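Asker: structure07.pdb (PDB, C-alpha atoms) pasted underneath:
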```pdb
ATOM      1  CA  MET A   1      -3.065  -6.733 -25.296  1.00  0.00           C
ATOM      2  CA  ASP A   2      -6.121  -4.655 -26.197  1.00  0.00           C
ATOM      3  CA  ARG A   3      -8.960  -4.175 -23.742  1.00  0.00           C
ATOM      4  CA  ASN A   4     -11.413  -5.466 -26.359  1.00  0.00           C
ATOM      5  CA  GLU A   5      -9.356  -8.649 -26.734  1.00  0.00           C
ATOM      6  CA  LEU A   6      -9.415  -9.427 -23.005  1.00  0.00           C
ATOM      7  CA  PRO A   7     -12.301 -11.705 -22.058  1.00  0.00           C
ATOM      8  CA  PRO A   8     -14.243 -10.306 -19.079  1.00  0.00           C
ATOM      9  CA  ALA A   9     -13.615 -13.504 -17.113  1.00  0.00           C
ATOM     10  CA  ASN A  10      -9.843 -12.935 -17.346  1.00  0.00           C
ATOM     11  CA  PHE A  11     -10.049  -9.415 -15.944  1.00  0.00           C
ATOM     12  CA  THR A  12     -12.420 -10.627 -13.243  1.00  0.00           C
ATOM     13  CA  ALA A  13      -9.772 -13.168 -12.245  1.00  0.00           C
ATOM     14  CA  ILE A  14      -7.161 -10.373 -12.112  1.00  0.00           C
ATOM     15  CA  VAL A  15      -9.438  -8.293  -9.874  1.00  0.00           C
ATOM     16  CA  ASN A  16     -10.192 -11.257  -7.603  1.00  0.00           C
ATOM     17  CA  GLN A  17      -6.523 -12.161  -7.299  1.00  0.00           C
ATOM     18  CA  HIS A  18      -5.189  -8.647  -6.588  1.00  0.00           C
ATOM     19  CA  TRP A  19      -8.067  -6.721  -4.957  1.00  0.00           C
ATOM     20  CA  THR A  20      -6.855  -7.309  -1.399  1.00  0.00           C
ATOM     21  CA  ALA A  21      -3.261  -6.239  -2.105  1.00  0.00           C
ATOM     22  CA  VAL A  22      -4.402  -3.032  -3.808  1.00  0.00           C
ATOM     23  CA  TYR A  23      -6.935  -2.268  -1.066  1.00  0.00           C
ATOM     24  CA  LYS A  24      -4.399  -2.852   1.710  1.00  0.00           C
ATOM     25  CA  LEU A  25      -1.882  -0.521   0.077  1.00  0.00           C
ATOM     26  CA  VAL A  26      -4.299   2.373  -0.383  1.00  0.00           C
ATOM     27  CA  TYR A  27      -5.819   1.829   3.056  1.00  0.00           C
ATOM     28  CA  HIS A  28      -2.338   1.875   4.529  1.00  0.00           C
ATOM     29  CA  LEU A  29      -1.756   5.200   2.768  1.00  0.00           C
ATOM     30  CA  THR A  30      -5.118   6.882   3.389  1.00  0.00           C
ATOM     31  CA  GLY A  31      -6.233   5.353   6.690  1.00  0.00           C
ATOM     32  CA  ASN A  32      -9.751   5.856   5.400  1.00  0.00           C
ATOM     33  CA  VAL A  33     -12.133   3.070   4.346  1.00  0.00           C
ATOM     34  CA  HIS A  34     -14.154   5.243   1.961  1.00  0.00           C
ATOM     35  CA  ASP A  35     -11.085   6.616   0.141  1.00  0.00           C
ATOM     36  CA  SER A  36      -9.573   3.129   0.044  1.00  0.00           C
ATOM     37  CA  GLU A  37     -12.649   1.643  -1.596  1.00  0.00           C
ATOM     38  CA  ASP A  38     -12.797   4.476  -4.137  1.00  0.00           C
ATOM     39  CA  LEU A  39      -9.097   4.283  -4.954  1.00  0.00           C
ATOM     40  CA  THR A  40      -9.192   0.500  -5.283  1.00  0.00           C
ATOM     41  CA  GLN A  41     -12.084   0.715  -7.735  1.00  0.00           C
ATOM     42  CA  GLU A  42     -10.354   3.524  -9.605  1.00  0.00           C
ATOM     43  CA  THR A  43      -7.182   1.438  -9.828  1.00  0.00           C
ATOM     44  CA  PHE A  44      -8.939  -1.469 -11.513  1.00  0.00           C
ATOM     45  CA  LEU A  45     -10.895   0.806 -13.863  1.00  0.00           C
ATOM     46  CA  LYS A  46      -7.646   2.468 -14.924  1.00  0.00           C
ATOM     47  CA  ALA A  47      -5.998  -0.931 -15.294  1.00  0.00           C
ATOM     48  CA  LEU A  48      -8.820  -2.117 -17.537  1.00  0.00           C
ATOM     49  CA  ASP A  49      -8.539   1.024 -19.652  1.00  0.00           C
ATOM     50  CA  ARG A  50      -4.756   0.611 -19.896  1.00  0.00           C
ATOM     51  CA  ILE A  51      -4.502  -3.174 -20.105  1.00  0.00           C
ATOM     52  CA  GLU A  52      -2.715  -2.823 -23.453  1.00  0.00           C
ATOM     53  CA  THR A  53       0.213  -1.141 -21.655  1.00  0.00           C
ATOM     54  CA  PHE A  54       0.795  -4.140 -19.387  1.00  0.00           C
ATOM     55  CA  GLN A  55       3.886  -6.026 -20.490  1.00  0.00           C
ATOM     56  CA  ALA A  56       3.405  -9.775 -20.605  1.00  0.00           C
ATOM     57  CA  ASN A  57       5.651 -11.818 -18.306  1.00  0.00           C
ATOM     58  CA  THR A  58       5.979  -8.977 -15.790  1.00  0.00           C
ATOM     59  CA  ASN A  59       4.536  -8.680 -12.302  1.00  0.00           C
ATOM     60  CA  MET A  60       0.802  -7.864 -12.558  1.00  0.00           C
ATOM     61  CA  ARG A  61       0.559  -7.068  -8.826  1.00  0.00           C
ATOM     62  CA  ALA A  62       3.443  -4.578  -9.026  1.00  0.00           C
ATOM     63  CA  TRP A  63       1.817  -2.933 -12.079  1.00  0.00           C
ATOM     64  CA  LEU A  64      -1.502  -2.607 -10.248  1.00  0.00           C
ATOM     65  CA  LEU A  65       0.161  -1.291  -7.081  1.00  0.00           C
ATOM     66  CA  ARG A  66       1.895   1.381  -9.145  1.00  0.00           C
ATOM     67  CA  ILE A  67      -1.457   2.440 -10.612  1.00  0.00           C
ATOM     68  CA  ALA A  68      -2.905   2.482  -7.069  1.00  0.00           C
ATOM     69  CA  SER A  69      -0.064   4.559  -5.657  1.00  0.00           C
ATOM     70  CA  ASN A  70      -0.393   7.035  -8.524  1.00  0.00           C
ATOM     71  CA  ALA A  71      -4.143   7.270  -7.866  1.00  0.00           C
ATOM     72  CA  PHE A  72      -3.404   7.995  -4.216  1.00  0.00           C
ATOM     73  CA  PHE A  73      -0.896  10.724  -5.086  1.00  0.00           C
ATOM     74  CA  ASP A  74      -3.392  12.229  -7.529  1.00  0.00           C
ATOM     75  CA  LEU A  75      -6.035  12.311  -4.785  1.00  0.00           C
ATOM     76  CA  ARG A  76      -3.595  13.813  -2.314  1.00  0.00           C
ATOM     77  CA  ARG A  77      -2.568  16.537  -4.744  1.00  0.00           C
ATOM     78  CA  LYS A  78      -6.221  17.221  -5.503  1.00  0.00           C
ATOM     79  CA  ARG A  79      -7.033  17.679  -1.833  1.00  0.00           C
ATOM     80  CA  GLN A  80      -3.723  19.351  -1.014  1.00  0.00           C
ATOM     81  CA  ARG A  81      -3.604  17.296   2.151  1.00  0.00           C
ATOM     82  CA  SER A  82      -0.202  16.428   3.567  1.00  0.00           C
ATOM     83  CA  SER A  83      -0.869  14.793   6.936  1.00  0.00           C
ATOM     84  CA  PRO A  84      -2.126  11.190   6.973  1.00  0.00           C
ATOM     85  CA  GLN A  85      -5.118  10.247   9.061  1.00  0.00           C
ATOM     86  CA  PRO A  86      -4.482   7.803  11.924  1.00  0.00           C
ATOM     87  CA  LEU A  87      -5.584   4.251  11.324  1.00  0.00           C
ATOM     88  CA  PRO A  88      -8.873   3.329  12.982  1.00  0.00           C
ATOM     89  CA  ASP A  89      -8.933   0.793  15.807  1.00  0.00           C
ATOM     90  CA  ASP A  90     -10.597  -1.867  13.640  1.00  0.00           C
ATOM     91  CA  VAL A  91      -7.763  -2.075  11.077  1.00  0.00           C
ATOM     92  CA  ALA A  92      -6.145  -5.022  12.873  1.00  0.00           C
ATOM     93  CA  VAL A  93      -9.432  -6.921  12.663  1.00  0.00           C
ATOM     94  CA  MET A  94      -9.723  -6.185   8.924  1.00  0.00           C
ATOM     95  CA  VAL A  95      -6.189  -7.318   8.144  1.00  0.00           C
ATOM     96  CA  LYS A  96      -5.854 -10.288  10.504  1.00  0.00           C
ATOM     97  CA  PRO A  97      -8.976 -11.576  12.223  1.00  0.00           C
ATOM     98  CA  VAL A  98      -6.958 -13.316  14.967  1.00  0.00           C
ATOM     99  CA  GLU A  99      -7.367 -12.796  18.702  1.00  0.00           C
ATOM    100  CA  HIS A 100      -4.355 -11.034  20.171  1.00  0.00           C
ATOM    101  CA  GLY A 101      -3.367 -10.741  23.790  1.00  0.00           C
ATOM    102  CA  LEU A 102      -3.264  -7.443  25.634  1.00  0.00           C
ATOM    103  CA  GLU A 103       0.468  -7.023  25.045  1.00  0.00           C
ATOM    104  CA  ILE A 104       0.097  -7.622  21.308  1.00  0.00           C
ATOM    105  CA  GLY A 105      -2.747  -5.099  21.206  1.00  0.00           C
ATOM    106  CA  GLU A 106      -0.623  -2.479  22.958  1.00  0.00           C
ATOM    107  CA  GLN A 107       2.280  -3.115  20.587  1.00  0.00           C
ATOM    108  CA  SER A 108      -0.080  -2.839  17.654  1.00  0.00           C
ATOM    109  CA  GLU A 109      -1.293   0.565  18.862  1.00  0.00           C
ATOM    110  CA  LEU A 110       2.299   1.727  19.303  1.00  0.00           C
ATOM    111  CA  LEU A 111       3.183   0.535  15.815  1.00  0.00           C
ATOM    112  CA  LYS A 112       0.169   2.286  14.250  1.00  0.00           C
ATOM    113  CA  ALA A 113       1.107   5.522  16.000  1.00  0.00           C
ATOM    114  CA  ALA A 114       4.733   5.183  14.908  1.00  0.00           C
ATOM    115  CA  LEU A 115       3.694   4.516  11.294  1.00  0.00           C
ATOM    116  CA  THR A 116       1.773   7.784  11.163  1.00  0.00           C
ATOM    117  CA  GLU A 117       5.013   9.628  11.981  1.00  0.00           C
ATOM    118  CA  LEU A 118       6.746   8.319   8.839  1.00  0.00           C
ATOM    119  CA  THR A 119       6.597  10.253   5.587  1.00  0.00           C
ATOM    120  CA  GLU A 120       4.123   8.927   3.041  1.00  0.00           C
ATOM    121  CA  LEU A 121       6.910   7.659   0.808  1.00  0.00           C
ATOM    122  CA  THR A 122       8.710   5.886   3.655  1.00  0.00           C
ATOM    123  CA  ARG A 123       5.419   4.386   4.864  1.00  0.00           C
ATOM    124  CA  MET A 124       4.629   3.191   1.321  1.00  0.00           C
ATOM    125  CA  VAL A 125       8.062   1.578   0.906  1.00  0.00           C
ATOM    126  CA  PHE A 126       7.691  -0.106   4.285  1.00  0.00           C
ATOM    127  CA  HIS A 127       4.235  -1.462   3.371  1.00  0.00           C
ATOM    128  CA  LEU A 128       5.310  -2.713  -0.060  1.00  0.00           C
ATOM    129  CA  ARG A 129       8.305  -4.515   1.425  1.00  0.00           C
ATOM    130  CA  ALA A 130       6.806  -5.800   4.694  1.00  0.00           C
ATOM    131  CA  GLN A 131       3.241  -6.572   3.588  1.00  0.00           C
ATOM    132  CA  GLU A 132       3.545  -7.211  -0.152  1.00  0.00           C
ATOM    133  CA  ASP A 133       7.044  -8.757  -0.051  1.00  0.00           C
ATOM    134  CA  LEU A 134       8.080  -6.924  -3.215  1.00  0.00           C
ATOM    135  CA  SER A 135      11.715  -6.596  -4.266  1.00  0.00           C
ATOM    136  CA  PHE A 136      13.417  -3.236  -3.935  1.00  0.00           C
ATOM    137  CA  ARG A 137      13.526  -3.043  -7.738  1.00  0.00           C
ATOM    138  CA  GLU A 138       9.738  -3.452  -7.908  1.00  0.00           C
ATOM    139  CA  ILE A 139       9.240  -0.975  -5.069  1.00  0.00           C
ATOM    140  CA  ALA A 140      11.476   1.560  -6.806  1.00  0.00           C
ATOM    141  CA  GLU A 141       9.404   1.241  -9.980  1.00  0.00           C
ATOM    142  CA  ILE A 142       6.134   1.662  -8.083  1.00  0.00           C
ATOM    143  CA  VAL A 143       7.176   4.741  -6.097  1.00  0.00           C
ATOM    144  CA  GLY A 144       9.275   6.257  -8.892  1.00  0.00           C
ATOM    145  CA  THR A 145      12.689   6.235  -7.252  1.00  0.00           C
ATOM    146  CA  SER A 146      15.941   4.273  -7.398  1.00  0.00           C
ATOM    147  CA  GLU A 147      16.540   0.923  -5.702  1.00  0.00           C
ATOM    148  CA  GLU A 148      19.051   2.598  -3.401  1.00  0.00           C
ATOM    149  CA  ALA A 149      16.494   5.215  -2.365  1.00  0.00           C
ATOM    150  CA  ALA A 150      13.910   2.487  -1.728  1.00  0.00           C
ATOM    151  CA  ARG A 151      16.423   0.637   0.448  1.00  0.00           C
ATOM    152  CA  TRP A 152      17.195   3.886   2.310  1.00  0.00           C
ATOM    153  CA  HIS A 153      13.488   4.523   2.972  1.00  0.00           C
ATOM    154  CA  MET A 154      13.096   0.960   4.268  1.00  0.00           C
ATOM    155  CA  HIS A 155      16.094   1.446   6.541  1.00  0.00           C
ATOM    156  CA  GLN A 156      14.624   4.746   7.778  1.00  0.00           C
ATOM    157  CA  ALA A 157      11.276   3.078   8.456  1.00  0.00           C
ATOM    158  CA  ARG A 158      12.851   0.217  10.396  1.00  0.00           C
ATOM    159  CA  SER A 159      15.105   2.522  12.398  1.00  0.00           C
ATOM    160  CA  LYS A 160      12.350   4.965  13.302  1.00  0.00           C
ATOM    161  CA  LEU A 161       9.834   2.234  14.117  1.00  0.00           C
ATOM    162  CA  MET A 162      12.272   0.301  16.293  1.00  0.00           C
ATOM    163  CA  SER A 163      13.358   3.483  18.065  1.00  0.00           C
ATOM    164  CA  ARG A 164       9.763   4.517  18.708  1.00  0.00           C
ATOM    165  CA  MET A 165       8.790   1.042  19.925  1.00  0.00           C
ATOM    166  CA  ALA A 166      11.801   0.952  22.281  1.00  0.00           C
ATOM    167  CA  GLN A 167      10.930   4.392  23.707  1.00  0.00           C
ATOM    168  CA  LYS A 168       7.407   3.317  24.556  1.00  0.00           C
ATOM    169  CA  LYS A 169       8.552   0.173  26.376  1.00  0.00           C
ATOM    170  CA  GLU A 170      10.641   2.211  28.804  1.00  0.00           C
TER     171      GLU A 170
END
```
Write the structure described by the file as structure tokens, please.
Answerer:
Amino acid sequence: MDRNELPPANFTAIVNQHWTAVYKLVYHLTGNVHDSEDLTQETFLKALDRIETFQANTNMRAWLLRIASNAFFDLRRKRQRSSPQPLPDDVAVMVKPVEHGLEIGEQSELLKAALTELTELTRMVFHLRAQEDLSFREIAEIVGTSEEAARWHMHQARSKLMSRMAQKKE
């Protein structure tokens, strides 16, 4: 499919349908609203430029998330920054605008802190599986690894997060 053949309304529908998923992924990776907005916009601009490479009858969201993750890695390499920034306090409000009790708030803070201790790749696999509900095959394609490696990273994330959460309760 050529970019010139795609009616603007169709691409607008793609953006509207997938904007939140792309934004949540890059925000989860950067922990920074400004970078997340820039990377989300960059993702859709790249997608529009490369729309002819999208294979019909495949997962559009997975294709866009791969473009987004590549944009993030490009930014990271450009800045030569290896440590993620902690998530701001208002991230829970942005993702789920639901009132939580004090205990839920404390658990949320513990989880955010524990997530920052994971490697970027493990954190990305965890997000794609837990938040985007993608298959391990789709995750492997997005992060550029095997299904087995994606499963291993998910196992590592679960183990480390559960261990960290259990330590804090004691």
Asker: Might you spell out which residues the PyMOL selection byres ((chain A and resi 145-157) around 8) would select in the displayed file, as a CSV table (one decimal) with C-alpha atoms, in the frame of the given file?
Answerer:
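Okay, expr18.csv is ready:
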```csv
chain,number,residue,atom,x,y,z
A,118,LEU,CA,6.7,8.3,8.8
A,121,LEU,CA,6.9,7.7,0.8
A,122,THR,CA,8.7,5.9,3.7
A,123,ARG,CA,5.4,4.4,4.9
A,125,VAL,CA,8.1,1.6,0.9
A,126,PHE,CA,7.7,-0.1,4.3
A,129,ARG,CA,8.3,-4.5,1.4
A,136,PHE,CA,13.4,-3.2,-3.9
A,137,ARG,CA,13.5,-3.0,-7.7
A,139,ILE,CA,9.2,-1.0,-5.1
A,140,ALA,CA,11.5,1.6,-6.8
A,141,GLU,CA,9.4,1.2,-10.0
A,143,VAL,CA,7.2,4.7,-6.1
A,144,GLY,CA,9.3,6.3,-8.9
A,158,ARG,CA,12.9,0.2,10.4
A,159,SER,CA,15.1,2.5,12.4
A,160,LYS,CA,12.4,5.0,13.3
A,161,LEU,CA,9.8,2.2,14.1
```
Asker: Let me make sure I understand: among A:Thr116, A:Leu39, A:Ile14, A:Glu109, which one has the smallest atom-to-atom distance to A:Phe73 if we use only C-alpha atoms?
Answerer: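 Under the stated criterion, the closest residue is A:Leu39.
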Asker: As an exercise, work out the distance from atom CA of A:Ala71 to atom CA of A:Met124 in Å and give it to one decimal place.
Answerer: 13.3 Å
Asker: Hey, which of A:Gln107, A:Asn16, A:Lys112, A:Ala47 ends up closest to A:Ala62? Count all atoms listed in the file.
Answerer: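 Closest residue, counting all atoms listed in the file: A:Ala47.
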Asker: Between atom CA of A:Leu134 and atom CA of A:Arg66, what is the distance in Å, rounded to a tenth?
Answerer: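 Distance between the two atoms: 11.9 Å.
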Asker: Have a look at atom CA of A:Leu29 and atom CA of A:Met162 and let me know their distance in Å, one decimal.
Answerer: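 Answer for the atom CA of A:Leu29 to atom CA of A:Met162 separation: 20.1 Å.
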Asker: From the set A:Asp35, A:Glu117, A:Glu132, A:Glu106, which residue has the shortest atom-to-atom contact distance to A:His18, counting only C-alpha atoms?
Answerer: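 Counting only C-alpha atoms, the residue closest to A:His18 is A:Glu132.
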Asker: Evaluate the PyMOL selection byres ((chain A and resi 63) around 9) here and jot the selected residues down as a list of chain:residue names.
Answerer: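 After applying the PyMOL selection byres ((chain A and resi 63) around 9), what remains is A:Ala47, A:Phe54, A:Thr58, A:Asn59, A:Met60, A:Arg61, A:Ala62, A:Leu64, A:Leu65, A:Arg66, A:Ile67, A:Ala68, A:Glu138, A:Glu141, A:Ile142.
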Asker: Using only C-alpha atoms, which protein or nucleic acid residues come within 9 Å of A:Arg164? Drop anything in the same chain fewer than 6 positions from it, and give the result as a VMD selection string.
Answerer: chain A and resid 110 to 111 114
Asker: With only C-alpha atoms as the atoms that count, which of A:Ser163, A:Gln131, A:Thr12, A:Thr30 lies nearest to A:Arg76?
Answerer: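 Closest candidate: A:Thr30.
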